[in-house]
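Beneath this line is the structure, given in structure tokens, with notes to follow.
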Amino acid sequence: GTDGSGIYAINTVSDTIVPNHQRIYDELKNQKIKDIESYFDSKIYISVSGRGIMQYNFKNPVWLEDNKADWLAYTNDIHTDKKGNIWFSTNGNGLIKYNEKDFEIITEENGLSENNLLCATTDNYGNVWCGTTSLGVSILLNETFLIYNTKQNLPASNCKQIIPIANNLWLLCTSGGACFFDGKNISPFYEQKTENVSCADYNVIGNKIALGHYYSTVDVYDCITKKLITQIQTNA
């Protein structure tokens, strides 16, 4: 997905664009893609800024249409849980659940800390974790929302990514840096200073965490030694 040039599928072996998907390349030409989510490898859901959600079964692209589908025009993040529910984190319309038939909208009126969401994920217990733009993390736990923010040591008031690391351990990525959360308490990252974090990822096989920094570096940490092992320059 690109920031204004549509969507492309890349063959990582030949480093070439896969020609089979020309129809969706043309459909989304010059569009800003916010997120792409695989649905059990049978299709993908694509968030197109200002337009909504497109589903693509690798043959025919189709826009999601419903009386509430226009609420998805500004979706920042898409997450699929183990039951097949799809969770859309929107900017202004809260959290939207979709089961491929019906929509359910969860907003501040239902206890969500705010309607401007950056991300969402689910844990092994079926709880839904939401990262907000200004009020930390909202966790939907048995129809009750818990809120974690700077008062509980979150490095910033927003949360851009929530990444499972191990049982009862998550990596939270904020504009003020990264931190860990065990479901009850927030603790600092391995190194205290991780400002300007733009994104993060976790490699399960290598047990490594990568932190991307705005116009700077990608820092790779070993989760066993808790040390920085590689630093990749990205501003060249």
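In the structure tokens, the first chain shown is A, the next is B, and so on; residue numbers restart at 1 for each chain, and ligands run from 1 in the order shown.
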
**Message:** Can you tell me which residues surround region 136-149 of chain A at a distance of at most 6 Å, considering only C-alpha atoms, apart from same-chain residues fewer than 6 positions away, and format the answer as a PyMOL selection string?
**Reply:** chain A and resi 111+127-130+157-159

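Taking only C-alpha atoms, the non-local environment of Gln233 (chain A) within 12 Å (same-chain residues fewer than 3 positions away omitted) comprises A:Gly212, A:His213, A:Tyr214, A:Tyr215, A:Ser216, A:Thr217, A:Val218, A:Asp219, A:Val220, A:Thr230, A:Ala236.
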
Keeping only C-alpha atoms, write those residues as a PDB file, in the first residue's frame.
ATOM      1  CA  GLY A 212      11.498   2.182  13.343  1.00  0.00           C
ATOM      2  CA  HIS A 213      12.302   5.848  13.952  1.00  0.00           C
ATOM      3  CA  TYR A 214      11.173   8.809  11.859  1.00  0.00           C
ATOM      4  CA  TYR A 215      13.778   9.634   9.156  1.00  0.00           C
ATOM      5  CA  SER A 216      16.471   7.909  11.150  1.00  0.00           C
ATOM      6  CA  THR A 217      17.096   4.232  11.938  1.00  0.00           C
ATOM      7  CA  VAL A 218      15.539   0.844  12.464  1.00  0.00           C
ATOM      8  CA  ASP A 219      16.824  -0.596  15.741  1.00  0.00           C
ATOM      9  CA  VAL A 220      16.691  -4.369  16.249  1.00  0.00           C
ATOM     10  CA  THR A 230      21.544  -4.104  14.815  1.00  0.00           C
ATOM     11  CA  ALA A 236      20.426   7.893   3.279  1.00  0.00           C
TER      12      ALA A 236
END

**Request:** Name the residues of region 33-110 of chain A that come out as strand (DSSP E or B) in a backbone DSSP run; write them as JSON, numbers by chain.
**Result:** {"A": [33, 34, 35, 36, 37, 38, 39, 43, 44, 45, 46, 47, 48, 52, 53, 54, 55, 56, 61, 62, 63, 75, 76, 77, 78, 79, 80, 86, 87, 88, 89, 90, 91, 95, 96, 97, 98, 103, 104, 105, 106]}

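You can rank A:Glu100, A:Tyr125, A:Ala120, A:Ile106 by their closest distance to Lys160 (chain A) using only C-alpha atoms, and at the top of that list sits A:Ala120.
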
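Closest approach to Lys227 (chain A) among A:Glu191, A:Asp102, A:Asp201, A:Asp3: A:Glu191, based on only C-alpha atoms.
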
**Request:** Compile the contact shell of region 86-94 of chain A as a list in words: residues with an atom at most 6 Å away, counting only C-alpha atoms, same-chain residues fewer than 3 positions apart removed.
**Result:** Tyr74, Thr75, Asn76, Asp77, Ile78, His79, Thr80, Lys97, Tyr98, Ile106, Thr107, Asn115, Asn116, Leu117 and Cys119 of chain A

**Request:** Extract, using only C-alpha atoms, all DNA, RNA and protein residues at most 12 Å from Asn124 (chain A), discarding same-chain residues fewer than 6 positions from it, and format them as a PyMOL selection string.
**Result:** chain A and resi 81-83+141+164+166-169

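For Asp26 (chain A), the set of protein, DNA and RNA residues having any atom at most 12 Å away, when counting only C-alpha atoms and skipping those fewer than 6 positions along the same chain, is Ser5, Gly6, Ile7, Tyr8, Pro19, Asn20 and Pro61 of chain A.
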
Residues as selected, N, CA and C atoms, written as a JSON list (two decimals), in the first residue's frame, can you do that?
[["chain", "number", "residue", "atom", "x", "y", "z"],
["A", 5, "SER", "N", -0.27, 6.42, -4.23],
["A", 5, "SER", "CA", -0.01, 5.79, -5.53],
["A", 5, "SER", "C", -0.66, 4.42, -5.67],
["A", 6, "GLY", "N", -1.67, 4.17, -4.85],
["A", 6, "GLY", "CA", -2.41, 2.93, -4.98],
["A", 6, "GLY", "C", -1.79, 1.74, -4.26],
["A", 7, "ILE", "N", -2.05, 0.55, -4.82],
["A", 7, "ILE", "CA", -1.62, -0.70, -4.20],
["A", 7, "ILE", "C", -0.93, -1.57, -5.24],
["A", 8, "TYR", "N", 0.06, -2.34, -4.76],
["A", 8, "TYR", "CA", 0.79, -3.24, -5.65],
["A", 8, "TYR", "C", 1.17, -4.51, -4.89],
["A", 19, "PRO", "N", 1.80, -9.35, -12.12],
["A", 19, "PRO", "CA", 0.90, -8.80, -13.15],
["A", 19, "PRO", "C", -0.56, -9.26, -13.03],
["A", 20, "ASN", "N", -0.82, -10.32, -12.24],
["A", 20, "ASN", "CA", -2.17, -10.91, -12.20],
["A", 20, "ASN", "C", -3.23, -9.99, -11.59],
["A", 61, "PRO", "N", -12.29, -7.08, -7.14],
["A", 61, "PRO", "CA", -12.35, -6.11, -6.03],
["A", 61, "PRO", "C", -13.77, -5.60, -5.84]]
